Every structure is written in structure tokens, then in C-alpha cells.
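Visitor: This is the structure, below, for whatever I ask next.
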There are 2 protein chains.
Amino acid sequence: MKSRIFKFQQEIENCALVENPVDLLYLTGLSLSRGLLVATKEEVVLFVDGRYFAVAERQAPCPVRLLVGNAVTDWLEAKGIKTLEFDSAFTTVDRHEVMKKQVAELRGTSGLLKKLRAIKDENEVAALKKAAHITMCGFKHVESLLKEGISEEELALEFEFFVRKAGATSLSFDPIVAFGENSAYPHYRAGKAKLKKNQIVLIDVGAVVDRYSGDLTRVVFFGKPDPELEKMLMLTKKAQKKAIEAVRIGAKFEDLDKAARAVFAEAGVEELFTHSLGHGIGLETHEFPRIILGTEDKIEAGMAFTIEPGLYRPGLGGVRWEDVVYT
Amino acid sequence: MKSRIFKFQQEIENCALVENPVDLLYLTGLSLSRGLLVATKEEVVLFVDGRYFAVAERQAPCPVRLLVGNAVTDWLEAKGIKTLEFDSAFTTVDRHEVMKKQVAELRGTSGLLKKLRAIKDENEVAALKKAAHITMCGFKHVESLLKEGISEEELALEFEFFVRKAGATSLSFDPIVAFGENSAYPHYRAGKAKLKKNQIVLIDVGAVVDRYSGDLTRVVFFGKPDPELEKMLMLTKKAQKKAIEAVRIGAKFEDLDKAARAVFAEAGVEELFTHSLGHGIGLETHEFPRIILGTEDKIEAGMAFTIEPGLYRPGLGGVRWEDVVYT
């Protein structure tokens, strides 16, 4: 944690305020529903209220003060700090109004820690790989249970029980288990539908292990595949392969999207790929970067992100194939 | 859902924008990770992206449009709308900057739907009571398992399995199961500690049923009670009783806090009550109103909120007693 705080301090211009609980977890290792970290190039202080003070004092990698009254503004004043950087993607308009009254100059940065958090350290990669592994085992468990009459919800629950027993603390998101036409909706979850012979099964699941998310999508044909869906799956796997082949340090993220999209365009089905190619993954299941057309962000060493092309034909079904890639 | 939208429209001055997913769920019944509802006194439109369009069109209690390009601003322009109310407690500074470029005048309201959501309808009360019932059953199950050597984490998991089997879809929050001194930290969760004879056990748990949260705290002495903790528990129960007796339509919420605090003050232990008395409960485990000193909010008919006084003596242990009250 200390090296994370140190890296963060190097990025700060003057003084920065961190309030997003996920960022606080990243920097301090502490789960706080509310807390506030103030950092300058020289100093870092974590402010927490009475509920967390004893634990934070014991475990935080930096000095801890009680978040009460004007503790923060008093500290800023004592240090002569007049300019404060804050996270404009997290701070609400209400909170900003309060801050305006307390600090001479506010400077918003959208996602104050997002670039720092995008570069995973050794421990983070280990946790992500553990999450990916348990997620894959959970998927295989679900796959082994496919039989006529079993419901989407039952399989979703089986996934959860399996990964929780295997060490997951929670799920990255409500499992998507979609039979037949339900697979045509990228954000379907799991319902009462029962599996019938020759249906397509789309499974998109993730387990959280050591606080890091897994995220995996697979498609299984239960019986004889529909020829159209089979073709769509073949194209989707090819699109994923092309995107993964385009991954190299320094490349633009949008080039990955373009590589996948080119495969679909060539087959005349580009308009069936209705979402972005992928997203960064870490303490949050969806985090920076977004892999979309138009982004200027580039691939750096130490990143982790999903690559998940898909094709959806309403009334027939959909396919998606997703893995996490590490750079 | 239609009557909720209707009530919301009555509160609007000109035109309001709803983006908080919990508010969207409340108004439309739809779980959307992203969506946008625009309401005037005459009209309501829900904008969702391609992922949700088909489902929303089928299930939403209002017209649905595709959230793409300038769809929203085009709609506002077509209707001649120049002033837009938004939720300043939800909208981030970044989002506000984008909106400023699109709408002539923005008016922030802190918690646009909080007062509407605080008054529960029949279905909501039924769901809350179901959640409270399953939560209580889960607590009783955990209580029945108390034995030497069982761990806090095991009991937390037992609670979860029990309530999930009983119909809960998730937990309101990570269970708090605290043995002995751990109970002195109001925000302790559950750890490796194993139960020993004559320890105090504090259990704070909640099950989510039909999307509504339960929230219950009980204290059990496993064996012979510590006389000091027993006295603290007696005072806490008395404080809760006094607060519940003070509940009447039109009373200020802070009067409930005062009623509980008076019991503690009389016994000279007021400073051991380190948190607020309670909180509104519904689609969110913590929602409007907050039951704290200094609030002007008053009790209205149809509300649901927790009353949960507690006393905490670091190094010894803590007690809290919590129930949900309906008005």
C-alpha cells in the first residue's frame, strides 16, 4: 500500500483529496464506507470517523486523524494549502458546493486514480488470476450441470455456490445465464426459462476473490447448434483472436476494437455487435480503460482488461466470448 | 409504478431528470445500470441504450426511447424545455459540466426522489415486512447455532445461506457477527474469532427480499453475562423503547434521538452512544430520512425506519438493539 501512496504522491500537483471508497481501499487497504485521504507531495493523512478510527489507526499505511468538525479544513489551513485537486467523476454537485466554501481553489480531475489503478502490481495480478481461475472452474461446474429442464436461475445459483465454496467472497455481477432467444439480450440476467434440447446457452459470470473481479463469457450449444448461431460464434471467436493479436504496448485501445469490428464488417454483420469491446478490470469489474472507438488511451505494461466481442440477432439468439488479457 | 410516476410529476416544477438507478427502479420497476427518465407535468419518457431497449419497451410503465446521440436534448428542445431539475446529491461534477452545455438552466435538488421514496406504498410495506421476517428467521437460525469454537465468519455464512434459501436475493450488507470485545466496534464485520464461553455476541444482519432490505440487530450473552454489558444492554433496550414511544406523525425525527439519548444521559453513558439513532429503509438499506440531532425532518404516515441505539465500551464490548418501525 505504501508504494501505491508513494506513486500517487508523484502524480499530484499540489494537494489532492480522495473520497471514492474504492480508491481509499486501493491506497490504504481499508474498506471504508466513508473516509477522506489528503495527500501532498510530502504528506498523507487519512481522515475517518469514530466508527473506523481504531481499526484505521492500527492498519492504515499512513497517519490517521479523526474526521470531525473542521478537522480537514484546519489541516489544509495549517499546511497553507489553497489549491485542492478532487475527483470530478466521483464528487457530486452537492459535495462540490460544500468544498467550494472551504477551499480557495478546486481543480477537478476525472478519475483521479484511474490511471494509477489501471497499472496492476504483482499482488493485484495474482488476485486477478485467482479470480479468473475460480470463475473458470465455476463456469465448468455449470457446464457440467446442463440438462433438459434445468433453469437459468438454478445454474446462476450453482455458479455462486460453487465459487463461494472455492473462496470467492462475492460475485462480480449477477450471473448472466441465457437460454435460446434470451441470449440475444447482452444484459439479460437469469430467469425461470428451462433448458430445451438444441438450445444455445450463453454464460457470463465472474467471481470476486481477494477483492478482485473475474469476468468470463462462454457459449455452449446444448445439442445440435443452429447453423446461423454457429457461424456467429465462429466469427466472434475470430474477432476476439484478432483483437488479442492486436494487443501490444503502445497500441491504441481503439485499434483492438477496430480489429474485432473488421472481422464482423467483412462478414457483413458489424451492426450486430452492439456494445464496446471490453473494459479494464480490477477492484471494480468495470474500470478504466474502456475499449471503445474514439478513445485516445493506449495500452501500457501491467494492465488487465477484458476482450469480449459479441453478435446478437433478436428473435434468434446471441453469442459473446470473453477473456481477461494481461499486458 | 404508474402511480409513483404520477406522484412524482405532481412534485415537479417544470421538467426533471432522473438518473439514479435506484430512483429509476422505483419509478419504472426496471433494473438499469444506466438510463435516464425525463418528466414534465404532462409527459414522461424513459431513455435507455440498446442493451435495455427491448426489455424496457415491453415492461416500462411509460414511453421508451433509444438513448443515442442527442436523443434527450432533441426531445427537450422539441418540447421547448429550458429549465431542468436534477439530483445534485447524485449528479457528479463531470456530468453536470456536460449537462450545462445542453440545457439553458439547471436546478439542483438534493435527493430528487428521497421524500417520495420515504413514503412507502402497500407493496413496499409488504416487501419490507417480508424482508424483516426472513431476517428475523435468519437471526434465530444463527442464534440456534451458537456453540463454543464456532467462528464469526461461519455464522455470517450460515445467515446468508439460510435467508437465501428462504427467498432473499441478497444481503442488505455484509453481516456483522462480533464476539466479545469485537462488539465494541459498530462497523466490525465478521472475522476468524471463535466463540468462547461467557462472551457477548452482537449480530447485525439484513436480508433483501423482493428488492427491499431488512435490518436487525440483536445481542446475545453466550453463558454468563458480564454485569457491565448487561447493564448497557438494559439501558439500550430502554432507550429504544423510549424512542419508539416518541414516534408519532408530525414529531421531529430528532425528538426520537433525544428520547433515546436522554436515557443514556441519565445513566451517565451518553458519550458511549457514538452513532445516529437510525435511518430510513427501503430499496436502499440506508436512505432518507436520517434520524439525527439537528434535522428538521418530521415523521409522516407511511414511513419505514430503523431505531437502533447502542453503547460501546472499547476493550470490553458493545451492545445495539435495532428494529424497523412503520408509521
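Numbering starts fresh at 1 for the residues of each chain in the C-alpha cells, the chains themselves are lettered A, B, ... in the order given, and ligands are numbered from 1 as they appear.
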List every residue of chain B that has an atom at most 9 Å from any atom of chain A, giving for each one its closest atom pair and the distance in Å to one decimal, counting only C-alpha atoms, sorted by chain and then by ascending residue number, as a Markdown table.
Guide:
| residue | atom | partner | partner_atom | distance |
| --- | --- | --- | --- | --- |
| B:Gly50 | CA | A:Thr274 | CA | 7.2 |
| B:Arg51 | CA | A:His187 | CA | 5.9 |
| B:Tyr52 | CA | A:His187 | CA | 6.9 |
| B:Ala54 | CA | A:Tyr185 | CA | 8.2 |
| B:Val55 | CA | A:Tyr185 | CA | 8.6 |
| B:Asp87 | CA | A:Val93 | CA | 8.5 |
| B:Ser88 | CA | A:Val93 | CA | 5.0 |
| B:Ala89 | CA | A:Asp94 | CA | 5.3 |
| B:Phe90 | CA | A:Thr92 | CA | 5.9 |
| B:Thr91 | CA | A:Thr92 | CA | 5.4 |
| B:Thr92 | CA | A:Thr92 | CA | 4.0 |
| B:Val93 | CA | A:Ser88 | CA | 5.0 |
| B:Asp94 | CA | A:Ser88 | CA | 5.3 |
| B:Arg95 | CA | A:Ala89 | CA | 7.5 |
| B:His96 | CA | A:Val93 | CA | 7.3 |
| B:Gly108 | CA | A:Val93 | CA | 8.1 |
| B:Thr109 | CA | A:Asp94 | CA | 8.9 |
| B:Ser110 | CA | A:Asp94 | CA | 7.0 |
| B:Tyr185 | CA | A:Arg51 | CA | 6.6 |
| B:Pro186 | CA | A:Arg51 | CA | 6.1 |
| B:His187 | CA | A:Arg51 | CA | 5.9 |
| B:Tyr188 | CA | A:Arg51 | CA | 8.6 |
| B:Thr274 | CA | A:Gly50 | CA | 7.3 |
| B:His275 | CA | A:Arg51 | CA | 8.0 |
Visitor: Tell me, how big is the Cα RMSD between chain B and chain A, fit done by least squares on all Cα paired in order?
Guide: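 The RMSD between chain A and chain B over C-alpha atoms is 0.0 Å.
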Visitor: Pick out the residues sitting within 10 Å of stretch 244-251 of chain A, and hand them over as a PyMOL selection string; count only C-alpha atoms, and ignore anything fewer than 3 positions along from it in its own chain.
Guide: chain A and resi 238-241+254-260+296-303+306-307+323+325-327
Visitor: Residues as selected, N, CA and C atoms, written as a PDB file, in the first residue's frame, can you do that?
Guide:
ATOM      1  N   LYS A 238     -13.200 -15.501 -33.821  1.00  0.00           N
ATOM      2  CA  LYS A 238     -12.173 -14.972 -34.731  1.00  0.00           C
ATOM      3  C   LYS A 238     -11.919 -13.491 -34.403  1.00  0.00           C
ATOM      4  N   ALA A 239     -12.992 -12.751 -34.136  1.00  0.00           N
ATOM      5  CA  ALA A 239     -12.865 -11.329 -33.796  1.00  0.00           C
ATOM      6  C   ALA A 239     -12.063 -11.166 -32.502  1.00  0.00           C
ATOM      7  N   GLN A 240     -12.336 -12.043 -31.535  1.00  0.00           N
ATOM      8  CA  GLN A 240     -11.589 -11.955 -30.276  1.00  0.00           C
ATOM      9  C   GLN A 240     -10.108 -12.246 -30.516  1.00  0.00           C
ATOM     10  N   LYS A 241      -9.846 -13.261 -31.343  1.00  0.00           N
ATOM     11  CA  LYS A 241      -8.460 -13.638 -31.651  1.00  0.00           C
ATOM     12  C   LYS A 241      -7.723 -12.468 -32.312  1.00  0.00           C
ATOM     13  N   GLU A 254      -8.447   1.674 -29.165  1.00  0.00           N
ATOM     14  CA  GLU A 254      -9.454   1.626 -30.216  1.00  0.00           C
ATOM     15  C   GLU A 254      -9.018   0.723 -31.376  1.00  0.00           C
ATOM     16  N   ASP A 255      -7.711   0.486 -31.485  1.00  0.00           N
ATOM     17  CA  ASP A 255      -7.249  -0.422 -32.537  1.00  0.00           C
ATOM     18  C   ASP A 255      -7.705  -1.859 -32.278  1.00  0.00           C
ATOM     19  N   LEU A 256      -7.867  -2.203 -30.996  1.00  0.00           N
ATOM     20  CA  LEU A 256      -8.380  -3.539 -30.668  1.00  0.00           C
ATOM     21  C   LEU A 256      -9.833  -3.638 -31.124  1.00  0.00           C
ATOM     22  N   ASP A 257     -10.574  -2.593 -30.820  1.00  0.00           N
ATOM     23  CA  ASP A 257     -11.975  -2.557 -31.231  1.00  0.00           C
ATOM     24  C   ASP A 257     -12.071  -2.636 -32.762  1.00  0.00           C
ATOM     25  N   LYS A 258     -11.215  -1.887 -33.437  1.00  0.00           N
ATOM     26  CA  LYS A 258     -11.230  -1.889 -34.908  1.00  0.00           C
ATOM     27  C   LYS A 258     -10.892  -3.270 -35.469  1.00  0.00           C
ATOM     28  N   ALA A 259      -9.922  -3.930 -34.823  1.00  0.00           N
ATOM     29  CA  ALA A 259      -9.515  -5.260 -35.301  1.00  0.00           C
ATOM     30  C   ALA A 259     -10.678  -6.242 -35.230  1.00  0.00           C
ATOM     31  N   ALA A 260     -11.425  -6.177 -34.108  1.00  0.00           N
ATOM     32  CA  ALA A 260     -12.574  -7.081 -33.954  1.00  0.00           C
ATOM     33  C   ALA A 260     -13.678  -6.693 -34.932  1.00  0.00           C
ATOM     34  N   GLU A 296      -8.442   7.785 -26.977  1.00  0.00           N
ATOM     35  CA  GLU A 296      -7.030   8.029 -27.264  1.00  0.00           C
ATOM     36  C   GLU A 296      -6.119   7.198 -26.354  1.00  0.00           C
ATOM     37  N   ASP A 297      -6.717   6.515 -25.390  1.00  0.00           N
ATOM     38  CA  ASP A 297      -5.922   5.777 -24.406  1.00  0.00           C
ATOM     39  C   ASP A 297      -5.122   4.658 -25.076  1.00  0.00           C
ATOM     40  N   LYS A 298      -3.925   4.472 -24.539  1.00  0.00           N
ATOM     41  CA  LYS A 298      -3.034   3.467 -25.118  1.00  0.00           C
ATOM     42  C   LYS A 298      -2.732   2.345 -24.131  1.00  0.00           C
ATOM     43  N   ILE A 299      -2.374   1.213 -24.686  1.00  0.00           N
ATOM     44  CA  ILE A 299      -2.047   0.045 -23.867  1.00  0.00           C
ATOM     45  C   ILE A 299      -0.681   0.243 -23.215  1.00  0.00           C
ATOM     46  N   GLU A 300      -0.653   0.027 -21.903  1.00  0.00           N
ATOM     47  CA  GLU A 300       0.611   0.103 -21.171  1.00  0.00           C
ATOM     48  C   GLU A 300       0.905  -1.241 -20.520  1.00  0.00           C
ATOM     49  N   ALA A 301       2.130  -1.422 -20.102  1.00  0.00           N
ATOM     50  CA  ALA A 301       2.503  -2.665 -19.423  1.00  0.00           C
ATOM     51  C   ALA A 301       1.812  -2.734 -18.067  1.00  0.00           C
ATOM     52  N   GLY A 302       1.341  -3.913 -17.687  1.00  0.00           N
ATOM     53  CA  GLY A 302       0.754  -4.103 -16.370  1.00  0.00           C
ATOM     54  C   GLY A 302      -0.748  -3.893 -16.311  1.00  0.00           C
ATOM     55  N   MET A 303      -1.383  -3.797 -17.469  1.00  0.00           N
ATOM     56  CA  MET A 303      -2.834  -3.596 -17.471  1.00  0.00           C
ATOM     57  C   MET A 303      -3.577  -4.935 -17.506  1.00  0.00           C
ATOM     58  N   THR A 306     -10.760  -6.856 -20.284  1.00  0.00           N
ATOM     59  CA  THR A 306     -11.496  -7.918 -20.971  1.00  0.00           C
ATOM     60  C   THR A 306     -11.509  -7.637 -22.472  1.00  0.00           C
ATOM     61  N   ILE A 307     -11.604  -8.708 -23.244  1.00  0.00           N
ATOM     62  CA  ILE A 307     -11.879  -8.577 -24.681  1.00  0.00           C
ATOM     63  C   ILE A 307     -13.077  -9.475 -24.940  1.00  0.00           C
ATOM     64  N   ASP A 323     -12.582 -13.027 -22.432  1.00  0.00           N
ATOM     65  CA  ASP A 323     -11.482 -13.393 -21.548  1.00  0.00           C
ATOM     66  C   ASP A 323     -10.799 -12.128 -21.045  1.00  0.00           C
ATOM     67  N   VAL A 325      -7.312 -10.185 -20.450  1.00  0.00           N
ATOM     68  CA  VAL A 325      -5.970 -10.145 -21.034  1.00  0.00           C
ATOM     69  C   VAL A 325      -5.061  -9.315 -20.118  1.00  0.00           C
ATOM     70  N   TYR A 326      -3.823  -9.772 -19.931  1.00  0.00           N
ATOM     71  CA  TYR A 326      -2.853  -9.029 -19.107  1.00  0.00           C
ATOM     72  C   TYR A 326      -1.711  -8.551 -19.989  1.00  0.00           C
ATOM     73  N   THR A 327      -1.240  -7.348 -19.754  1.00  0.00           N
ATOM     74  CA  THR A 327      -0.140  -6.847 -20.594  1.00  0.00           C
ATOM     75  C   THR A 327       1.137  -6.684 -19.770  1.00  0.00           C
TER      76      THR A 327
END
Visitor: Quote the spacing between atom CA of A:Pro63 and atom CA of A:Phe47 in Å to one decimal place.
Guide: 8.7 Å
Visitor: Hey, can you check how far atom CA of A:Gly206 sits from atom CA of B:Asp215?
Guide: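 So the answer is 27.5 Å.
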Visitor: From a DSSP pass on the backbone, collect the residues of stretch 170-272 of chain A flagged as alpha helix (DSSP H) and hand them back as a PyMOL selection string.
Guide: chain A and resi 227-245+253-266
Visitor: With only C-alpha atoms as the counted atoms, please give the residues lying no more than 9 Å from stretch 131-140 of chain B, apart from itself and same-chain residues fewer than 6 positions off, as a list of chain:residue names.
Guide: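 My list of contacting residues is B:Glu158, B:Phe159, B:Glu160, B:Phe161, B:Phe162, B:Val163, B:Ala166, B:Gly167, B:Ala168, B:Ile203, B:Asp204, B:Val205, B:Gly206, B:Ala207, B:Val208, B:Val209, B:Asp210, B:Arg211, B:Tyr212, B:Ser213, B:Gly214, B:Asp215, B:Leu216, B:Thr217, B:Arg218, B:Asp323, B:Val324.
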Visitor: I need the strand (DSSP E or B) residues of stretch 17-261 of chain B per DSSP on the backbone, written as a PyMOL selection string.
Guide: chain B and resi 17-18+36-40+44-48+64-66+83-87+92+105-109+151+170-171+176-179+194+199-205+207-209+212-213+216-222+252
Visitor: Calculate how many Å separate atom CA of B:Gly317 from atom CA of B:Thr236, rounding to one decimal.
Guide: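 Taking atom CA of B:Gly317 and atom CA of B:Thr236, their separation equals 13.5 Å.
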Visitor: What lies within 12 Å of A:Gly268 using only C-alpha atoms, ignoring chain neighbours under 4 positions off, as a list in words?
Guide: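 With the cut-off at 12 Å, the set is Met232, Leu235, Arg261, Ala262, Val263, Phe264, Leu272, Phe273 and Leu311 of chain A.
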Visitor: Those same residues, written as a PDB file, in the first residue's frame with N, CA, C and O atoms?
Guide:
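In the end it all went to selection.pdb:
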ATOM      1  N   MET A 232     -22.142 -17.291 -36.263  1.00  0.00           N
ATOM      2  CA  MET A 232     -21.911 -16.082 -35.464  1.00  0.00           C
ATOM      3  C   MET A 232     -20.837 -16.331 -34.399  1.00  0.00           C
ATOM      4  O   MET A 232     -19.986 -15.469 -34.125  1.00  0.00           O
ATOM      5  N   LEU A 235     -17.374 -16.446 -35.979  1.00  0.00           N
ATOM      6  CA  LEU A 235     -16.923 -15.076 -36.272  1.00  0.00           C
ATOM      7  C   LEU A 235     -16.486 -14.341 -35.002  1.00  0.00           C
ATOM      8  O   LEU A 235     -15.501 -13.598 -34.989  1.00  0.00           O
ATOM      9  N   ARG A 261     -13.921  -5.413 -35.025  1.00  0.00           N
ATOM     10  CA  ARG A 261     -15.003  -4.913 -35.866  1.00  0.00           C
ATOM     11  C   ARG A 261     -14.757  -5.242 -37.358  1.00  0.00           C
ATOM     12  O   ARG A 261     -15.704  -5.490 -38.113  1.00  0.00           O
ATOM     13  N   ALA A 262     -13.475  -5.258 -37.737  1.00  0.00           N
ATOM     14  CA  ALA A 262     -13.138  -5.555 -39.138  1.00  0.00           C
ATOM     15  C   ALA A 262     -13.582  -6.970 -39.526  1.00  0.00           C
ATOM     16  O   ALA A 262     -14.057  -7.205 -40.643  1.00  0.00           O
ATOM     17  N   VAL A 263     -13.438  -7.891 -38.570  1.00  0.00           N
ATOM     18  CA  VAL A 263     -13.859  -9.276 -38.834  1.00  0.00           C
ATOM     19  C   VAL A 263     -15.370  -9.322 -39.080  1.00  0.00           C
ATOM     20  O   VAL A 263     -15.846  -9.975 -40.015  1.00  0.00           O
ATOM     21  N   PHE A 264     -16.092  -8.588 -38.241  1.00  0.00           N
ATOM     22  CA  PHE A 264     -17.559  -8.572 -38.391  1.00  0.00           C
ATOM     23  C   PHE A 264     -17.966  -7.842 -39.676  1.00  0.00           C
ATOM     24  O   PHE A 264     -18.906  -8.251 -40.359  1.00  0.00           O
ATOM     25  N   LEU A 272     -24.516  -6.080 -35.760  1.00  0.00           N
ATOM     26  CA  LEU A 272     -24.992  -6.974 -34.686  1.00  0.00           C
ATOM     27  C   LEU A 272     -24.069  -6.929 -33.459  1.00  0.00           C
ATOM     28  O   LEU A 272     -24.353  -7.542 -32.436  1.00  0.00           O
ATOM     29  N   PHE A 273     -22.960  -6.215 -33.585  1.00  0.00           N
ATOM     30  CA  PHE A 273     -22.022  -6.050 -32.450  1.00  0.00           C
ATOM     31  C   PHE A 273     -22.376  -4.714 -31.798  1.00  0.00           C
ATOM     32  O   PHE A 273     -21.906  -3.665 -32.205  1.00  0.00           O
ATOM     33  N   LEU A 311     -22.181 -10.967 -30.942  1.00  0.00           N
ATOM     34  CA  LEU A 311     -23.137 -10.691 -32.028  1.00  0.00           C
ATOM     35  C   LEU A 311     -24.528 -11.098 -31.538  1.00  0.00           C
ATOM     36  O   LEU A 311     -24.681 -12.168 -30.937  1.00  0.00           O
TER      37      LEU A 311
END
Visitor: Using only C-alpha atoms, which residues sit within 6 Å of B:Leu202 once same-chain residues fewer than 4 positions away are excluded, as a PyMOL selection string?
Guide: chain B and resi 177-178+183+219
Visitor: Which is closest to B:Thr285 among B:Phe222, B:Trp75, B:Phe173, B:Phe86, if we use only C-alpha atoms?
Guide: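 Closest candidate: B:Phe173.
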